$ cat protein01.cif   # mmCIF, C-alpha atoms
data_model
loop_
_atom_site.label_atom_id
_atom_site.label_comp_id
_atom_site.auth_asym_id
_atom_site.auth_seq_id
_atom_site.Cartn_x
_atom_site.Cartn_y
_atom_site.Cartn_z
CA MET A 1 91.77 125.86 23.31
CA THR A 2 89.12 123.70 21.68
CA SER A 3 91.18 123.57 18.51
CA ASN A 4 93.72 121.43 20.41
CA ARG A 5 91.26 118.57 20.43
CA GLY A 6 92.05 117.75 16.84
CA VAL A 7 95.74 117.34 17.72
CA GLU A 8 94.98 115.02 20.60
CA SER A 9 92.44 112.92 18.76
CA PRO A 10 92.37 109.33 20.03
CA SER A 11 93.38 108.00 16.64
CA SER A 12 96.77 109.75 16.72
CA ARG A 13 98.22 108.07 19.83
CA PRO A 14 95.91 105.22 20.79
CA ARG A 15 98.48 102.70 22.02
CA ILE A 16 100.32 104.97 24.39
CA HIS A 17 97.11 105.90 26.12
CA GLN A 18 96.23 102.27 26.56
CA THR A 19 99.62 101.13 27.84
CA HIS A 20 100.01 104.06 30.21
CA PRO A 21 100.16 102.81 33.83
CA HIS A 22 97.91 105.62 35.14
CA PHE A 23 94.40 106.23 34.05
CA HIS A 24 93.59 109.84 33.28
CA SER A 25 90.62 111.57 31.80
CA THR A 26 91.05 113.52 28.57
CA VAL A 27 90.82 116.80 30.48
CA SER A 28 93.63 116.01 32.91
CA GLU A 29 95.69 114.55 30.05
CA ARG A 30 95.34 117.85 28.23
CA LYS A 31 96.24 119.86 31.33
CA LEU A 32 99.31 117.72 31.86
CA ARG A 33 100.29 118.18 28.24
CA ARG A 34 100.05 121.95 28.64
CA PHE A 35 102.18 121.73 31.81
CA ASN A 36 104.80 119.75 29.90
CA TYR A 37 104.81 122.21 27.00
CA LEU A 38 105.39 124.97 29.55
CA ILE A 39 108.33 123.09 31.04
CA PHE A 40 109.76 122.49 27.56
CA LEU A 41 109.51 126.19 26.71
CA PHE A 42 111.32 127.27 29.87
CA ARG A 43 114.02 124.66 29.28
CA LEU A 44 114.45 125.89 25.72
CA ALA A 45 114.70 129.51 26.85
CA GLY A 46 117.16 128.59 29.61
CA PHE A 47 119.27 126.65 27.12
CA CYS A 48 119.37 129.52 24.62
CA PHE A 49 120.38 132.13 27.17
CA SER A 50 122.98 129.99 28.93
CA LEU A 51 124.55 129.03 25.62
CA SER A 52 124.53 132.65 24.49
CA ALA A 53 126.24 133.63 27.74
CA VAL A 54 129.00 131.08 27.11
CA VAL A 55 129.43 132.19 23.50
CA PHE A 56 129.52 135.88 24.44
CA MET A 57 132.11 135.28 27.17
CA ILE A 58 134.34 133.12 24.99
CA ALA A 59 134.05 135.40 21.96
CA THR A 60 135.26 138.50 23.82
CA THR A 61 137.61 140.22 21.40
CA SER A 62 140.49 141.61 23.38
CA VAL A 63 144.28 141.66 22.98
CA SER A 64 145.72 141.51 26.47
CA PRO A 65 143.08 140.41 29.02
CA HIS A 66 141.28 137.22 28.07
CA TRP A 67 138.28 135.80 29.85
CA TYR A 68 140.29 132.80 31.05
CA ASN A 69 142.68 135.10 32.92
CA PHE A 70 139.90 135.84 35.42
CA GLY A 71 138.71 133.17 37.81
CA ALA A 72 135.29 134.81 37.98
CA PHE A 73 134.80 134.61 34.20
CA ARG A 74 135.99 131.01 34.11
CA PHE A 75 133.33 130.30 36.74
CA VAL A 76 130.70 132.07 34.60
CA VAL A 77 131.63 130.07 31.49
CA ALA A 78 131.74 126.77 33.39
CA ALA A 79 128.42 127.29 35.19
CA ASN A 80 126.60 128.49 32.08
CA GLY A 81 128.10 125.63 30.07
CA ILE A 82 126.92 123.07 32.61
CA VAL A 83 123.45 124.62 32.70
CA ALA A 84 123.27 124.70 28.88
CA LEU A 85 124.14 120.98 28.69
CA TYR A 86 121.71 120.13 31.46
CA SER A 87 118.94 122.19 29.81
CA LEU A 88 119.57 120.34 26.55
CA PHE A 89 119.15 117.01 28.32
CA GLU A 90 116.01 118.22 30.07
CA MET A 91 114.59 119.45 26.76
CA VAL A 92 115.04 115.96 25.35
CA ALA A 93 113.45 114.47 28.49
CA SER A 94 110.55 116.89 28.24
CA ALA A 95 110.02 116.23 24.52
CA TRP A 96 110.14 112.50 25.24
CA GLU A 97 107.45 112.94 27.88
CA ILE A 98 105.25 114.98 25.54
CA THR A 99 105.49 112.55 22.64
CA ARG A 100 105.51 109.23 24.51
CA GLY A 101 103.57 110.06 27.67
CA SER A 102 106.19 108.53 29.99
CA THR A 103 109.42 109.68 31.56
CA ILE A 104 112.89 108.57 30.38
CA LEU A 105 113.96 107.41 33.84
CA PRO A 106 111.44 105.71 36.14
CA GLU A 107 109.04 108.35 37.44
CA PHE A 108 110.44 108.44 40.99
CA TYR A 109 114.02 109.04 39.80
CA GLN A 110 112.97 111.45 37.06
CA VAL A 111 111.07 113.88 39.29
CA TRP A 112 113.78 113.87 41.96
CA PHE A 113 116.59 114.08 39.39
CA ASP A 114 114.97 117.09 37.74
CA PHE A 115 114.23 118.90 40.97
CA VAL A 116 117.58 118.34 42.69
CA HIS A 117 119.58 119.31 39.62
CA ASP A 118 117.39 122.35 38.98
CA GLN A 119 117.90 123.54 42.54
CA VAL A 120 121.66 122.98 42.59
CA PHE A 121 122.26 124.45 39.14
CA ALA A 122 120.05 127.48 39.84
CA TYR A 123 122.11 128.33 42.91
CA LEU A 124 125.32 127.57 41.01
CA LEU A 125 124.30 129.83 38.15
CA VAL A 126 123.25 132.77 40.31
CA SER A 127 126.47 132.38 42.27
CA ALA A 128 128.61 132.37 39.11
CA ASP A 129 126.77 135.26 37.49
CA SER A 130 127.02 137.36 40.66
CA THR A 131 130.75 136.71 40.81
CA GLY A 132 131.06 137.67 37.14
CA ALA A 133 129.00 140.82 37.68
CA GLU A 134 131.31 141.87 40.52
CA MET A 135 134.34 141.26 38.30
CA VAL A 136 132.86 143.35 35.46
CA ARG A 137 132.05 146.11 37.94
CA GLN A 138 135.65 146.16 39.19
CA LEU A 139 137.14 146.10 35.68
CA ARG A 140 134.90 148.98 34.71
CA GLY A 141 136.05 150.93 37.79
CA VAL A 142 139.70 150.50 36.77
CA GLY A 143 138.94 151.82 33.29
CA SER A 144 140.92 151.13 30.09
CA CYS A 145 138.67 148.24 29.14
CA LYS A 146 136.03 149.11 26.60
CA SER A 147 134.75 146.32 24.38
CA PHE A 148 135.95 143.60 26.76
CA CYS A 149 133.94 145.05 29.65
CA VAL A 150 130.84 145.58 27.52
CA GLN A 151 130.99 142.11 26.02
CA SER A 152 131.64 140.29 29.29
CA GLY A 153 128.91 142.40 30.89
CA ILE A 154 126.46 141.25 28.23
CA GLY A 155 127.60 137.67 28.77
CA VAL A 156 126.92 137.93 32.51
CA GLY A 157 123.56 139.57 31.82
CA LEU A 158 122.55 136.74 29.49
CA GLY A 159 123.55 134.32 32.22
CA PHE A 160 121.20 136.09 34.63
CA VAL A 161 118.32 135.78 32.17
CA GLY A 162 119.14 132.09 31.80
CA PHE A 163 119.03 131.84 35.59
CA LEU A 164 115.53 133.35 35.63
CA PHE A 165 114.25 130.62 33.31
CA LEU A 166 116.03 127.93 35.30
CA MET A 167 114.47 129.34 38.49
CA ILE A 168 110.98 129.01 36.98
CA SER A 169 111.82 125.47 35.85
CA THR A 170 112.85 124.74 39.45
CA LEU A 171 109.44 125.87 40.67
CA LEU A 172 107.69 123.64 38.12
CA SER A 173 109.81 120.58 38.86
CA GLY A 174 109.46 121.26 42.60
CA PHE A 175 105.70 121.23 42.10
CA ARG A 176 105.99 117.84 40.39
CA VAL A 177 108.07 116.45 43.26
CA VAL A 178 105.52 117.46 45.90
CA CYS A 179 102.72 116.02 43.72
CA PHE A 180 104.71 112.82 43.62
CA ILE A 181 105.22 112.83 47.40
CA ILE A 182 101.57 113.53 48.20
CA LYS A 183 99.80 111.58 45.46
CA GLY A 184 102.40 109.03 44.38
CA SER A 185 102.28 110.40 40.85
CA ARG A 186 103.73 113.42 39.05
CA PHE A 187 100.24 114.29 37.79
CA HIS A 188 98.64 117.10 39.74
CA VAL A 189 95.19 116.79 38.20
CA MET B 1 107.87 109.62 70.73
CA THR B 2 105.20 108.35 73.09
CA SER B 3 106.47 110.64 75.84
CA ASN B 4 105.26 113.60 73.76
CA ARG B 5 101.69 112.63 74.48
CA GLY B 6 101.88 114.13 77.94
CA VAL B 7 102.81 117.50 76.45
CA GLU B 8 99.93 117.42 74.02
CA SER B 9 97.32 116.27 76.49
CA PRO B 10 93.85 117.58 75.62
CA SER B 11 93.60 119.48 78.89
CA SER B 12 96.55 121.75 78.03
CA ARG B 13 95.10 123.40 74.85
CA PRO B 14 91.44 122.45 74.60
CA ARG B 15 90.08 125.71 73.22
CA ILE B 16 92.50 126.07 70.36
CA HIS B 17 91.69 122.59 69.17
CA GLN B 18 88.01 123.34 69.24
CA THR B 19 88.18 126.70 67.50
CA HIS B 20 90.55 125.49 64.81
CA PRO B 21 88.84 125.69 61.40
CA HIS B 22 90.25 122.35 60.23
CA PHE B 23 89.61 119.07 61.91
CA HIS B 24 92.69 116.91 62.38
CA SER B 25 93.31 113.70 64.21
CA THR B 26 95.81 113.67 67.05
CA VAL B 27 98.35 111.84 64.88
CA SER B 28 98.31 114.41 62.08
CA GLU B 29 98.33 117.21 64.66
CA ARG B 30 101.49 115.71 66.14
CA LYS B 31 103.09 115.30 62.71
CA LEU B 32 102.31 118.90 61.85
CA ARG B 33 103.76 120.02 65.16
CA ARG B 34 106.97 118.15 64.41
CA PHE B 35 107.08 119.77 60.96
CA ASN B 36 106.68 123.20 62.58
CA TYR B 37 109.40 122.48 65.12
CA LEU B 38 111.69 121.55 62.22
CA ILE B 39 110.91 124.82 60.43
CA PHE B 40 111.53 126.74 63.65
CA LEU B 41 114.91 125.06 64.13
CA PHE B 42 116.07 125.88 60.58
CA ARG B 43 114.88 129.47 60.97
CA LEU B 44 116.78 129.75 64.25
CA ALA B 45 119.96 128.34 62.70
CA GLY B 46 119.62 130.61 59.67
CA PHE B 47 119.13 133.62 61.95
CA CYS B 48 122.19 132.78 64.06
CA PHE B 49 124.50 132.32 61.10
CA SER B 50 123.30 135.37 59.16
CA LEU B 51 123.61 137.56 62.23
CA SER B 52 127.09 136.16 62.93
CA ALA B 53 128.08 136.93 59.34
CA VAL B 54 126.98 140.55 59.77
CA VAL B 55 128.77 140.88 63.11
CA PHE B 56 131.98 139.32 61.75
CA MET B 57 131.98 141.58 58.70
CA ILE B 58 131.30 144.75 60.67
CA ALA B 59 133.75 143.90 63.42
CA THR B 60 136.70 143.48 61.04
CA THR B 61 139.63 145.14 62.81
CA SER B 62 141.66 146.93 60.19
CA VAL B 63 143.30 150.35 59.93
CA SER B 64 143.10 151.34 56.27
CA PRO B 65 140.60 149.14 54.35
CA HIS B 66 137.20 148.96 55.99
CA TRP B 67 134.42 146.65 54.94
CA TYR B 68 132.29 149.56 53.75
CA ASN B 69 134.99 150.55 51.23
CA PHE B 70 134.13 147.46 49.19
CA GLY B 71 130.82 147.22 47.35
CA ALA B 72 130.92 143.44 47.61
CA PHE B 73 131.21 143.50 51.41
CA ARG B 74 128.44 146.08 51.71
CA PHE B 75 126.30 143.68 49.68
CA VAL B 76 127.23 140.81 52.03
CA VAL B 77 126.34 142.83 55.14
CA ALA B 78 123.07 144.10 53.64
CA ALA B 79 121.92 140.70 52.39
CA ASN B 80 122.82 138.91 55.62
CA GLY B 81 121.19 141.67 57.65
CA ILE B 82 117.97 141.39 55.66
CA VAL B 83 117.99 137.60 56.01
CA ALA B 84 118.64 137.84 59.76
CA LEU B 85 115.67 140.19 60.22
CA TYR B 86 113.47 138.03 58.02
CA SER B 87 114.51 134.87 59.90
CA LEU B 88 113.66 136.57 63.18
CA PHE B 89 110.17 137.40 61.90
CA GLU B 90 109.73 133.86 60.60
CA MET B 91 110.85 132.46 63.96
CA VAL B 92 108.11 134.47 65.65
CA ALA B 93 105.60 133.31 63.02
CA SER B 94 106.69 129.72 63.51
CA ALA B 95 106.52 129.93 67.32
CA TRP B 96 103.07 131.53 67.00
CA GLU B 97 101.96 128.63 64.84
CA ILE B 98 103.32 126.06 67.28
CA THR B 99 101.73 127.63 70.35
CA ARG B 100 98.41 128.83 68.90
CA GLY B 101 97.83 126.38 66.06
CA SER B 102 97.09 129.10 63.50
CA THR B 103 99.17 131.35 61.26
CA ILE B 104 99.75 135.09 61.93
CA LEU B 105 98.51 136.14 58.48
CA PRO B 106 95.58 134.31 56.86
CA GLU B 107 96.76 130.89 55.73
CA PHE B 108 96.78 131.70 52.00
CA TYR B 109 98.95 134.81 52.44
CA GLN B 110 101.18 133.18 55.04
CA VAL B 111 102.24 130.18 52.94
CA TRP B 112 102.84 132.32 49.84
CA PHE B 113 104.59 135.06 51.84
CA ASP B 114 106.95 132.52 53.40
CA PHE B 115 107.72 130.75 50.16
CA VAL B 116 108.25 133.80 47.95
CA HIS B 117 110.46 135.54 50.51
CA ASP B 118 112.43 132.37 51.17
CA GLN B 119 113.08 131.93 47.46
CA VAL B 120 114.06 135.54 46.82
CA PHE B 121 116.23 135.85 49.91
CA ALA B 122 117.96 132.51 49.29
CA TYR B 123 119.02 133.68 45.82
CA LEU B 124 119.93 137.10 47.20
CA LEU B 125 122.06 135.56 49.92
CA VAL B 126 123.92 133.14 47.68
CA SER B 127 124.51 135.98 45.24
CA ALA B 128 125.89 138.29 47.95
CA ASP B 129 128.06 135.61 49.52
CA SER B 130 129.50 134.60 46.15
CA THR B 131 130.34 138.21 45.41
CA GLY B 132 131.97 138.51 48.83
CA ALA B 133 133.92 135.29 48.33
CA GLU B 134 135.28 136.60 45.01
CA MET B 135 136.32 139.84 46.74
CA VAL B 136 138.10 137.96 49.53
CA ARG B 137 139.84 135.79 46.93
CA GLN B 138 141.09 138.87 45.08
CA LEU B 139 142.25 140.64 48.25
CA ARG B 140 144.13 137.53 49.27
CA GLY B 141 145.81 137.40 45.85
CA VAL B 142 147.06 140.98 46.26
CA GLY B 143 148.54 140.14 49.65
CA SER B 144 149.26 142.60 52.50
CA CYS B 145 145.92 141.88 54.15
CA LYS B 146 146.10 139.41 56.99
CA SER B 147 143.47 139.68 59.71
CA PHE B 148 141.08 141.62 57.48
CA CYS B 149 141.08 138.89 54.84
CA VAL B 150 140.71 136.12 57.41
CA GLN B 151 137.88 137.86 59.24
CA SER B 152 135.94 138.84 56.13
CA GLY B 153 136.49 135.31 54.80
CA ILE B 154 134.95 133.89 57.97
CA GLY B 155 132.07 136.36 57.64
CA VAL B 156 131.39 135.20 54.07
CA GLY B 157 131.67 131.56 55.16
CA LEU B 158 129.12 132.10 57.94
CA GLY B 159 126.85 133.71 55.36
CA PHE B 160 127.10 130.57 53.22
CA VAL B 161 126.12 128.37 56.17
CA GLY B 162 123.18 130.70 56.80
CA PHE B 163 122.25 130.26 53.14
CA LEU B 164 122.22 126.47 53.54
CA PHE B 165 119.66 126.71 56.34
CA LEU B 166 117.58 129.22 54.38
CA MET B 167 117.67 126.86 51.39
CA ILE B 168 116.26 124.04 53.51
CA SER B 169 113.60 126.40 54.86
CA THR B 170 112.72 127.22 51.25
CA LEU B 171 112.17 123.54 50.52
CA LEU B 172 109.92 123.17 53.58
CA SER B 173 107.87 126.28 52.81
CA GLY B 174 107.67 125.25 49.15
CA PHE B 175 106.25 121.95 50.30
CA ARG B 176 103.59 123.82 52.31
CA VAL B 177 102.67 125.95 49.30
CA VAL B 178 102.12 122.94 47.05
CA CYS B 179 100.10 121.26 49.84
CA PHE B 180 98.02 124.40 49.94
CA ILE B 181 97.55 124.44 46.15
CA ILE B 182 96.60 120.78 45.95
CA LYS B 183 94.63 120.31 49.15
CA GLY B 184 93.56 123.84 50.02
CA SER B 185 95.34 123.57 53.36
CA ARG B 186 98.95 123.81 54.52
CA PHE B 187 98.56 120.47 56.29
CA HIS B 188 100.13 117.63 54.36
CA VAL B 189 98.72 114.85 56.54
#
$ encode --input "protein01.cif" --output "C-alpha cells"
Amino acid sequence: MTSNRGVESPSSRPRIHQTHPHFHSTVSERKLRRFNYLIFLFRLAGFCFSLSAVVFMIATTSVSPHWYNFGAFRFVVAANGIVALYSLFEMVASAWEITRGSTILPEFYQVWFDFVHDQVFAYLLVSADSTGAEMVRQLRGVGSCKSFCVQSGIGVGLGFVGFLFLMISTLLSGFRVVCFIIKGSRFHV
Amino acid sequence: MTSNRGVESPSSRPRIHQTHPHFHSTVSERKLRRFNYLIFLFRLAGFCFSLSAVVFMIATTSVSPHWYNFGAFRFVVAANGIVALYSLFEMVASAWEITRGSTILPEFYQVWFDFVHDQVFAYLLVSADSTGAEMVRQLRGVGSCKSFCVQSGIGVGLGFVGFLFLMISTLLSGFRVVCFIIKGSRFHV
C-alpha cells in the first residue's frame, strides 16, 4: 500500500488538487481513489461479460432456429447490449474521475444518473436473463437442439455474470448517492 | 403535521424515550417515525400484492393445464410466497420499531438483514415474474387457453406490482444501511 505513494506524489497532479472544490487530506484522497478503481474494475467486468453475452447469442450457429426468432433471446441481446453500452460509458466516466479528480456531469447529476441507471439496468438485465434461461430450458426439454441450446445457454449464463457485476456497481453507486444526500458530497471519508 | 404532537406527547411513551440508547430531539424522533411509517406502508403493499399473486396463480380454474405443470409458474408462486412471508415478518419488525422505538434484532444485524434480504428477494421476484410473463406470452401465442392465460397473466402482473413496492423498500433499507455505515446509527437525522 505504501508503494502507491510514489504514484500519487504531489508533483504528478498538483493543479487538479489545488483547483478541486473540496478539500481532502491525502489519506481520504487515496481511499477515494481506491474506491474509484474498484468501481472501474466492476464496470470493466460488467462490460466484458455483457458484450460476450451479446456476441455468444448473435453468433449461435444454427440452420433453422435463429436467436431472433425467439422473443426471449431478442430481449437478452437487447438488454445485454444496452448494459454493455452503458458500462462502456460508465468506464469512461470512472476513468475521467480517476485521472481528473472530478465527475463528467456536475456531481449531483452524476451520482443520481449512475445510481438510477444502475438500478434500472440491473433489474432489466436479470429480467432478460431469466426470460432467456426459461426459453433455453424449454428448448432443451423439446430436444433436437444441440449446439444452439448450448450456445444460447452460455450466452444467458454470461449475461447472469454480467448482472452480478452490475449489481455490485449498483451497491457502490448507491453508497455514493447516500453519501451525497447525507454529506452533500460523494466522498465518504 | 402539528396535530401529530398530541400523539407523541411525552406522557404516552416516557420510559422508552428514557431507556433508548441514542439521544434524539423531538424533531428527529418525529422524522424517524415518519420514515418508519413509510417503510411499514411499502411492506404492507408488497405483502398484499405478493399474496394476491400467489392466490391468483393457485386459484387458476382450468381442467387440463394446472399452474404446477409449468416450471415458470411454480417459480412465480414460490418467489411470491417467499416475498409475502418475508414482507409479513418485516411488517412486524417495522411495527415493533414504531411502537417500541428499538429494532427486534440488534441494530447492526437488523439493518443488514433487511437490506440483504430486500436486495436478494427483489432480484428473485423480478426474475420469477419475468419468467412467468414469458410463459404466459408463449401460452397465449399457442392459443386455446382463455381463462387460464388471463388469470395467470393477472397473477404475474400482481407479482410485478409487488416487486415495485419491494424495490422501494430496498431503497429505503439501503439508505438505512449507509446511514449505519457512515454514522454508526440507522438514524439519518
$ atom_distance --input "protein01.cif" --atom1 "atom CA of Phe40 of chain A" --atom2 "atom CA of Phe180 of chain B"
25.3 Å
$ axis_aligned_box --input "protein01.cif" --around "segment 71-90 of chain B" --padding-each-side "5 Å" --output "JSON"
{"center_x": 120.5, "center_y": 140.5, "center_z": 55.3, "size_x": 31.5, "size_y": 23.4, "size_z": 25.8}
$ interface_residues --input "protein01.cif" --of "chain B" --to "chain A" --cutoff "8 Å" --atoms "all atoms listed in the file" --output "list in words"
Ala72, Tyr123, Val126, Ser127, Ala128, Ser130, Thr131, Glu134, Gly174, Phe175, Val178, Cys179, Ile182 and His188 of chain B
$ calpha_fit_and_write --input "protein01.cif" --fixed "chain B" --moving "chain A" --output "compact mmCIF listing (two decimals) with C-alpha atoms, in the frame of the given file"
# COMPACT_ATOMS: atom_id res chain seq x y z
CA MET A 1 108.11 109.69 70.69
CA THR A 2 105.39 108.40 72.99
CA SER A 3 106.64 110.68 75.74
CA ASN A 4 105.40 113.64 73.66
CA ARG A 5 101.84 112.63 74.39
CA GLY A 6 102.03 114.11 77.85
CA VAL A 7 102.98 117.50 76.37
CA GLU A 8 100.09 117.45 73.95
CA SER A 9 97.50 116.26 76.43
CA PRO A 10 94.02 117.55 75.59
CA SER A 11 93.81 119.42 78.87
CA SER A 12 96.72 121.72 77.99
CA ARG A 13 95.25 123.37 74.88
CA PRO A 14 91.59 122.37 74.66
CA ARG A 15 90.13 125.60 73.27
CA ILE A 16 92.50 126.02 70.38
CA HIS A 17 91.76 122.54 69.16
CA GLN A 18 88.07 123.22 69.28
CA THR A 19 88.16 126.60 67.55
CA HIS A 20 90.55 125.44 64.84
CA PRO A 21 88.86 125.68 61.41
CA HIS A 22 90.27 122.32 60.23
CA PHE A 23 89.61 119.03 61.85
CA HIS A 24 92.67 116.88 62.36
CA SER A 25 93.31 113.65 64.15
CA THR A 26 95.80 113.60 67.02
CA VAL A 27 98.33 111.79 64.83
CA SER A 28 98.31 114.37 62.04
CA GLU A 29 98.31 117.17 64.63
CA ARG A 30 101.46 115.69 66.11
CA LYS A 31 103.10 115.29 62.70
CA LEU A 32 102.30 118.89 61.87
CA ARG A 33 103.73 120.00 65.18
CA ARG A 34 106.96 118.16 64.42
CA PHE A 35 107.06 119.79 60.97
CA ASN A 36 106.65 123.21 62.58
CA TYR A 37 109.37 122.52 65.15
CA LEU A 38 111.65 121.59 62.25
CA ILE A 39 110.86 124.85 60.47
CA PHE A 40 111.49 126.80 63.69
CA LEU A 41 114.87 125.12 64.16
CA PHE A 42 116.02 125.92 60.63
CA ARG A 43 114.84 129.52 61.01
CA LEU A 44 116.74 129.81 64.28
CA ALA A 45 119.90 128.38 62.74
CA GLY A 46 119.58 130.66 59.70
CA PHE A 47 119.10 133.66 61.97
CA CYS A 48 122.16 132.84 64.08
CA PHE A 49 124.47 132.36 61.12
CA SER A 50 123.27 135.39 59.17
CA LEU A 51 123.60 137.59 62.23
CA SER A 52 127.05 136.19 62.95
CA ALA A 53 128.05 136.93 59.36
CA VAL A 54 126.96 140.56 59.76
CA VAL A 55 128.76 140.91 63.09
CA PHE A 56 131.95 139.33 61.75
CA MET A 57 131.97 141.59 58.69
CA ILE A 58 131.29 144.76 60.66
CA ALA A 59 133.75 143.90 63.42
CA THR A 60 136.70 143.47 61.05
CA THR A 61 139.61 145.15 62.81
CA SER A 62 141.66 146.92 60.21
CA VAL A 63 143.28 150.36 59.92
CA SER A 64 143.12 151.31 56.26
CA PRO A 65 140.63 149.10 54.36
CA HIS A 66 137.21 148.93 55.96
CA TRP A 67 134.43 146.61 54.91
CA TYR A 68 132.32 149.54 53.70
CA ASN A 69 135.02 150.51 51.20
CA PHE A 70 134.15 147.40 49.17
CA GLY A 71 130.85 147.17 47.33
CA ALA A 72 130.94 143.38 47.60
CA PHE A 73 131.22 143.47 51.41
CA ARG A 74 128.46 146.06 51.67
CA PHE A 75 126.31 143.66 49.65
CA VAL A 76 127.23 140.80 52.02
CA VAL A 77 126.34 142.84 55.12
CA ALA A 78 123.08 144.10 53.60
CA ALA A 79 121.92 140.68 52.37
CA ASN A 80 122.81 138.90 55.61
CA GLY A 81 121.18 141.69 57.62
CA ILE A 82 117.96 141.40 55.62
CA VAL A 83 117.97 137.62 55.99
CA ALA A 84 118.63 137.87 59.75
CA LEU A 85 115.65 140.24 60.18
CA TYR A 86 113.44 138.08 58.00
CA SER A 87 114.48 134.92 59.88
CA LEU A 88 113.63 136.65 63.16
CA PHE A 89 110.16 137.46 61.87
CA GLU A 90 109.69 133.92 60.58
CA MET A 91 110.81 132.51 63.94
CA VAL A 92 108.09 134.55 65.62
CA ALA A 93 105.57 133.37 62.99
CA SER A 94 106.64 129.78 63.49
CA ALA A 95 106.48 130.01 67.30
CA TRP A 96 103.04 131.60 66.98
CA GLU A 97 101.91 128.69 64.83
CA ILE A 98 103.28 126.13 67.29
CA THR A 99 101.69 127.70 70.34
CA ARG A 100 98.38 128.89 68.87
CA GLY A 101 97.81 126.43 66.04
CA SER A 102 97.07 129.16 63.47
CA THR A 103 99.12 131.40 61.23
CA ILE A 104 99.70 135.12 61.89
CA LEU A 105 98.49 136.17 58.44
CA PRO A 106 95.56 134.34 56.83
CA GLU A 107 96.76 130.92 55.70
CA PHE A 108 96.78 131.73 51.96
CA TYR A 109 98.95 134.84 52.42
CA GLN A 110 101.18 133.20 55.03
CA VAL A 111 102.23 130.21 52.92
CA TRP A 112 102.83 132.34 49.83
CA PHE A 113 104.58 135.08 51.82
CA ASP A 114 106.94 132.56 53.39
CA PHE A 115 107.72 130.75 50.17
CA VAL A 116 108.24 133.80 47.95
CA HIS A 117 110.44 135.55 50.49
CA ASP A 118 112.42 132.38 51.17
CA GLN A 119 113.08 131.92 47.47
CA VAL A 120 114.07 135.54 46.81
CA PHE A 121 116.23 135.86 49.92
CA ALA A 122 117.96 132.52 49.30
CA TYR A 123 119.01 133.66 45.84
CA LEU A 124 119.93 137.09 47.21
CA LEU A 125 122.06 135.56 49.94
CA VAL A 126 123.91 133.13 47.69
CA SER A 127 124.50 135.96 45.24
CA ALA A 128 125.89 138.26 47.95
CA ASP A 129 128.04 135.58 49.55
CA SER A 130 129.49 134.55 46.18
CA THR A 131 130.36 138.16 45.44
CA GLY A 132 131.98 138.47 48.86
CA ALA A 133 133.91 135.23 48.36
CA GLU A 134 135.28 136.54 45.06
CA MET A 135 136.32 139.78 46.75
CA VAL A 136 138.11 137.91 49.57
CA ARG A 137 139.84 135.73 46.99
CA GLN A 138 141.10 138.80 45.12
CA LEU A 139 142.25 140.58 48.29
CA ARG A 140 144.12 137.47 49.32
CA GLY A 141 145.80 137.32 45.89
CA VAL A 142 147.04 140.91 46.29
CA GLY A 143 148.53 140.08 49.68
CA SER A 144 149.25 142.53 52.53
CA CYS A 145 145.92 141.83 54.18
CA LYS A 146 146.09 139.38 57.04
CA SER A 147 143.45 139.66 59.74
CA PHE A 148 141.07 141.60 57.50
CA CYS A 149 141.07 138.85 54.87
CA VAL A 150 140.69 136.09 57.45
CA GLN A 151 137.88 137.85 59.27
CA SER A 152 135.93 138.82 56.15
CA GLY A 153 136.47 135.29 54.85
CA ILE A 154 134.92 133.88 58.01
CA GLY A 155 132.05 136.34 57.67
CA VAL A 156 131.37 135.18 54.10
CA GLY A 157 131.63 131.55 55.20
CA LEU A 158 129.08 132.10 57.97
CA GLY A 159 126.83 133.70 55.38
CA PHE A 160 127.07 130.56 53.25
CA VAL A 161 126.07 128.38 56.20
CA GLY A 162 123.14 130.71 56.82
CA PHE A 163 122.21 130.27 53.16
CA LEU A 164 122.18 126.48 53.58
CA PHE A 165 119.61 126.75 56.38
CA LEU A 166 117.55 129.25 54.41
CA MET A 167 117.65 126.88 51.41
CA ILE A 168 116.22 124.05 53.55
CA SER A 169 113.56 126.43 54.89
CA THR A 170 112.69 127.24 51.26
CA LEU A 171 112.14 123.55 50.56
CA LEU A 172 109.88 123.21 53.61
CA SER A 173 107.84 126.32 52.84
CA GLY A 174 107.66 125.28 49.17
CA PHE A 175 106.23 121.96 50.33
CA ARG A 176 103.58 123.85 52.32
CA VAL A 177 102.66 125.97 49.29
CA VAL A 178 102.10 122.94 47.06
CA CYS A 179 100.07 121.28 49.85
CA PHE A 180 97.99 124.42 49.94
CA ILE A 181 97.55 124.43 46.15
CA ILE A 182 96.59 120.76 45.94
CA LYS A 183 94.61 120.31 49.15
CA GLY A 184 93.53 123.84 50.02
CA SER A 185 95.33 123.58 53.34
CA ARG A 186 98.93 123.83 54.52
CA PHE A 187 98.55 120.47 56.28
CA HIS A 188 100.11 117.62 54.35
CA VAL A 189 98.72 114.82 56.50
$ residues_around --input "protein01.cif" --residues "Leu164 of chain B" --least-positions-apart "3" --cutoff "10 Å" --atoms "all atoms listed in the file" --output "PyMOL selection string"
chain B and resi 42+45-46+49+122+125-126+158-161+167-170
$ closest_residue --input "protein01.cif" --among "B:Gly155, B:Phe47, B:Arg186, B:Ser28" --to "Glu107 of chain B" --atoms "all atoms listed in the file"
B:Arg186
$ atom_distance --input "protein01.cif" --atom1 "atom CA of Ser152 of chain A" --atom2 "atom CA of Cys48 of chain A"
17.0 Å
$ resolve_selection --input "protein01.cif" --expression "the PyMOL selection byres ((chain B and resi 85-92) around 7)" --output "PyMOL selection string"
chain B and resi 40+43-44+46-47+81-84+93-96
$ atom_distance --input "protein01.cif" --atom1 "atom CA of Val120 of chain A" --atom2 "atom CA of Phe165 of chain A"
14.1 Å
$ residues_around --input "protein01.cif" --residues "Ser173 of chain B" --least-positions-apart "6" --cutoff "9 Å" --atoms "all atoms listed in the file" --output "short mmCIF file (atom, residue, chain, number, x, y, z; two decimals) with C-alpha atoms, keeping the file's coordinate frame"
data_model
loop_
_atom_site.label_atom_id
_atom_site.label_comp_id
_atom_site.auth_asym_id
_atom_site.auth_seq_id
_atom_site.Cartn_x
_atom_site.Cartn_y
_atom_site.Cartn_z
CA ILE B 39 110.91 124.82 60.43
CA VAL B 111 102.24 130.18 52.94
CA TRP B 112 102.84 132.32 49.84
CA ASP B 114 106.95 132.52 53.40
CA PHE B 115 107.72 130.75 50.16
CA VAL B 116 108.25 133.80 47.95
CA ASP B 118 112.43 132.37 51.17
#
